[in-house]
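Student: Quick one: this structure, given as structure tokens, is what I'll be asking you about.
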Amino acid sequence: MNLNSKEGTAGITALLVIAIVVAVNFLVGGLGLFDFRLDLTEHKLYTLSDGTRNILDRLNPDKPVTIRYYVTTEDRVMPPILKTHARTVQDLLLEFQKAAKGKVILEKLAPNPNTEDEDRAREDDLQGMQVNAEGDNIYLGMAIQSAAQKEVLPFLNPNEETALEYNIARAVQKVSKNTKTVIGVMSAMPVMGSPMFPFQRQRGQEPWILIQRLRMDYEVRDIPMTSDTIDSDINTLLVIHPADITEQAEYAIDQYLLKGGKVIAMVDPQNWIAQAYSGQPNPMTGQPGGVINTASDLPNLLKAWGVTYDKGLVVADVNYRSMMQGRQNPVALKLPKEAINKDERITADLQSLLMMSAGALETESRDGLAFTALATSSEASEKIDTTAAEKLRRESLTNFNPSGRRQQLALMVSGKFKTAFPGGKPKGPAESGETGGPQEDPAAPKAQSEPEKPADAAEKKDETPKDDGTVKESVNNEGMVVLFSDADMLYDAFCVQQDPMTGGLIATNSNLPLMLNAIEVLSGGGDLLKVRSRASTQRPFTKMDELRENVERGYRPKLKGLETELNEIAQQIGPLRVKDGALIIDPAQVKKMEELERKQTDIKKEIREIKKTQNKQIAFTESIITLLNVLAVPLLVIAVGLLLAIRRRIATAAV
């Protein structure tokens with residue numbers, strides 16, 4: 001080939017372009033030079049969130065985090081869906097490693113059957129999944145470790161892809177911390193579970209899934225309902241259904257809040273779970289347990305916080321009603337995304353909430369306090385009494401009169417709070433003398449006492465409140481309370497279900513993420529909140545569906561007309577075949593029936609031809625789109641290379 005000819009020049013140019021592409025790929029992919037990625041996806045699927053970056057930035061360079069990523073690579077046992085998910089996980093881990101700037105060490109291991117890496121996976125407590133009769137297991141998980149602290153993600157379920165970055169970031173943050181944040185839990189229900197008592201042959205109750213989930217990240221401390229103080233080292237206090245709470249306990253919450261603590265409170269006008277717990281046997285004695293009041297309130301605190309709430313009324317909503325116990329129940333509220341505040345960090349990315357017999361929270365202006373609704377009913381709602389709400393579990397709704405206004409079901413109060421007890425600490429039963437005490441014998445001689453003081457002086461002394469150390473207002477303007485008018489929503493059956501693939505528990509709505517969000521925001525861990533809900537990489541090909549619909553829309557009127565005509569012919573043929581239970585043998589009618597059947601056959605043939613043409617057009621459209629997706633980028637690279645080569649040749653020729 002003559003190198004000076006046009007053909008020779010074109011050949012050399014093409015070879016140069018190929019060589020450039022290969023060299024660039026080697027430099028970028030192999031050596032990591034000029035390594036950058038441009039994320040053009042709608043939801044920035046391949047870009048780490050700011051919260052993750054903040055967590056990685058705060059890592060101690062002298063205490064790096066090691067991520068051991070285990071993924072089975074043997075095609076014989078690894079399902080295609082998990083192979084695809086494994087690539088997504090690896091891409092995300094590479095972004096973690098890059099953003100950490102040397103503070104995250106990534107190790108990839110291949111625990112294929114009967115290998116040393118499989119033994120290491122078992123040592124790291126990863127969950128293997130048996131895939132065949134030979135007993136081969138596959139692995140897809142990771143161990144995240146810093147010094148002696150280790151967190152394990154035993155199996156990375158593709159169904160939980162949206163929580164992938166959050167789970168990794170949470171584990172990285174957890175192993176890098178030396179101490180845990182303390183969360184206090186106060187409840188009239190056994191949310192913390194009950195211990196096992198072998199001598200009674202009773203297993204005991206497991207903690208609610210919320211408590212189990214919190215214990216993964218926090219120290220969770222049980223606060224008795226009889227408490228008159230809250231420990232100062234508790235970062236956030238979670239109050240769940242405070243049925244029959246005493247003034248002393250309310251005072252403890254009040255002072256805790258004013259001294260800088262954060263409070264999440266869940267009151268409830270009609271708690272279904274408390275009703276179910278009532279009367280259950282005590283595991284220690286085997287005797288019937290006590291009754292838990294189904295209604296709960298914080299009367300003194302809510303008044304001080306500017307919140308009005310009637311524990312005798314339940315919100316019914318015909319727009320947001322859901323199926324419960326086999327019937328549509330308007331007090332079992334399934335709140336869609338539109339009912340949830342998308343502008344607040346606590347609720348921004350939530351999709352739906354389930355609330356059972358929730359109450360209504362109304363607000364009154366208070367100096368220094370701001371109110372933000374987090375979740376509301378629709379306008380097709382009204383407040384009904386608890387007796388009527390209870391009947392709706394067995395009967396259909398009647399006499400419904402919608403109020404035309406949204407009811408607040410979850411609320412955030414923030415700012416500078418004032419005490420609900422301006423007169424000081426309330427007296428307990430013993431202090432007020434209600435329990436009685438030694439009585440003075442009137443016949444006994446009276447001890448010598450000081451002269452009586454004037455009545456007005458005694459009154460003045462009584463009017464002067466003692467300084468018992470009561471804090472009168474918040475220590476700063478950063479006080480925060482999050483209120484919910486339902487506590488059932490945190491019970492396991494109302495927020496999670498068992499995953500048939502792994503046997504683990506997965507969220508059925510946003511109830512559990514909502515509470516985790518609230519605790520993270522109030523406990524100062526807002527970085528994790530920013531990475532909790534991400535879009536999935538498994539997205540439907542909506543553009544293809546749209547193009548297919550456009551093609552079908554053009555043929556739909558004609559097909560509909562032919563099918564209508566076909567139905568009319570079938571209706572005409574029926575009476576001709578049978579009359580009064582006997583077959584028709586009239587030659588005229590037989591001829592007419594044959595004509596109609598021929599016409600019927602022709603119409604069916606025309607319908608088939610139209611559908612064939614329609615399917616061909618759809619297939620052609622899909623082929624064009626697929627071809628463009630496959631060839632567009634390579635053709636663009638080649639075109640740019642050729643243009644650069646031609647431009648360079650022209651510039652060289654001009655010289």
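Naming scheme: A, B, ... for chains in displayed order of the structure tokens; residues 1 onward per chain; ligands 1 onward as shown.
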Quick one: residues within 10 Å of Asp217 of chain A, only C-alpha atoms, excluding same-chain residues fewer than 5 positions away - as a VMD selection string?

Tutor: chain A and resid 170 to 171 173 to 175 180 to 183 212

Student: Find the residues near segment 148-151 of chain A: any atom within 10 Å, counting only C-alpha atoms, skip ones fewer than 3 places away on the same chain, and give them as a short mmCIF file (atom, residue, chain, number, x, y, z; two decimals) with C-alpha atoms, in the first residue's frame.

Tutor:
data_model
loop_
_atom_site.label_atom_id
_atom_site.label_comp_id
_atom_site.auth_asym_id
_atom_site.auth_seq_id
_atom_site.Cartn_x
_atom_site.Cartn_y
_atom_site.Cartn_z
CA VAL A 65 -11.27 2.11 57.55
CA THR A 66 -10.84 -1.20 55.72
CA ILE A 67 -13.70 -2.50 53.57
CA ASP A 124 -16.23 -12.29 58.85
CA ASP A 125 -19.78 -13.56 59.57
CA MET A 142 -18.81 -6.81 53.12
CA ALA A 143 -17.03 -6.38 56.43
CA ILE A 144 -16.11 -2.80 57.40
CA GLN A 145 -13.47 -2.46 60.08
CA PRO A 154 -23.92 -9.95 55.59
CA ILE A 168 -22.17 1.60 53.86
CA ARG A 170 -23.57 4.25 58.39
CA ALA A 171 -21.15 1.36 58.93
CA VAL A 172 -18.12 3.54 58.12
CA LYS A 174 -20.03 3.63 63.26
CA VAL A 175 -16.61 1.91 63.19
CA SER A 176 -14.84 5.29 63.19
CA LYS A 177 -16.54 6.44 66.42
CA ASN A 178 -15.20 5.66 69.88
CA MET A 216 -27.18 -1.03 65.75
#

Student: For Thr229 of chain A, list every protein, DNA or RNA residue within 10 Å, evaluated using only C-alpha atoms, and leave out those in the same chain fewer than 5 positions away; present the list as a PyMOL selection string.

Tutor: chain A and resi 223+248-256

Student: Any chance you can output those residues with N, CA and C atoms as a tab-separated table (two decimals), in the first residue's frame?

Tutor:
chain	number	residue	atom	x	y	z
A	223	ILE	N	-36.07	4.24	79.94
A	223	ILE	CA	-36.42	5.25	80.94
A	223	ILE	C	-37.79	4.88	81.51
A	248	GLN	N	-44.95	14.29	87.56
A	248	GLN	CA	-43.52	14.22	87.86
A	248	GLN	C	-42.72	13.80	86.62
A	249	ALA	N	-43.25	12.85	85.86
A	249	ALA	CA	-42.57	12.42	84.64
A	249	ALA	C	-42.62	13.52	83.58
A	250	GLU	N	-43.77	14.21	83.47
A	250	GLU	CA	-43.85	15.34	82.54
A	250	GLU	C	-42.84	16.42	82.91
A	251	TYR	N	-42.70	16.67	84.21
A	251	TYR	CA	-41.73	17.66	84.68
A	251	TYR	C	-40.31	17.25	84.30
A	252	ALA	N	-40.01	15.96	84.41
A	252	ALA	CA	-38.68	15.47	84.05
A	252	ALA	C	-38.40	15.71	82.56
A	253	ILE	N	-39.41	15.45	81.72
A	253	ILE	CA	-39.25	15.70	80.28
A	253	ILE	C	-39.08	17.20	80.02
A	254	ASP	N	-39.88	18.00	80.71
A	254	ASP	CA	-39.83	19.46	80.57
A	254	ASP	C	-38.42	19.99	80.87
A	255	GLN	N	-37.86	19.58	81.99
A	255	GLN	CA	-36.54	20.07	82.38
A	255	GLN	C	-35.44	19.54	81.47
A	256	TYR	N	-35.60	18.31	81.04
A	256	TYR	CA	-34.63	17.73	80.09
A	256	TYR	C	-34.59	18.55	78.80

Student: Quick one: residues within 10 Å of Leu350 of chain A, only C-alpha atoms counted, chain neighbours fewer than 4 positions away excluded, as a short mmCIF file (atom, residue, chain, number, x, y, z; two decimals) with C-alpha atoms, in the first residue's frame?

Tutor:
data_model
loop_
_atom_site.label_atom_id
_atom_site.label_comp_id
_atom_site.auth_asym_id
_atom_site.auth_seq_id
_atom_site.Cartn_x
_atom_site.Cartn_y
_atom_site.Cartn_z
CA PRO A 336 -49.15 9.17 50.14
CA LYS A 337 -46.13 11.27 49.25
CA ILE A 340 -45.76 14.35 53.62
CA ASN A 341 -43.67 17.53 53.90
CA LYS A 342 -41.00 17.30 51.19
CA ARG A 345 -34.97 16.93 56.21
CA ILE A 346 -36.87 14.49 58.39
CA ASN A 509 -43.60 1.87 54.07
CA SER A 510 -41.64 4.85 55.37
CA ASN A 511 -42.66 4.54 59.04
CA PRO A 513 -37.17 5.43 58.01
CA LEU A 514 -39.19 8.38 59.33
CA ASN A 517 -34.58 10.23 60.25
CA ARG A 532 -30.75 7.35 53.21
CA SER A 533 -32.99 7.32 50.11
#

Student: For Leu483 of chain A, which residue among A:Thr236, A:Asn271, A:Gln328, A:Gln408 is the nearest when counting only C-alpha atoms?

Tutor: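 Checking each candidate against Leu483 of chain A, we get A:Gln408 as the closest.
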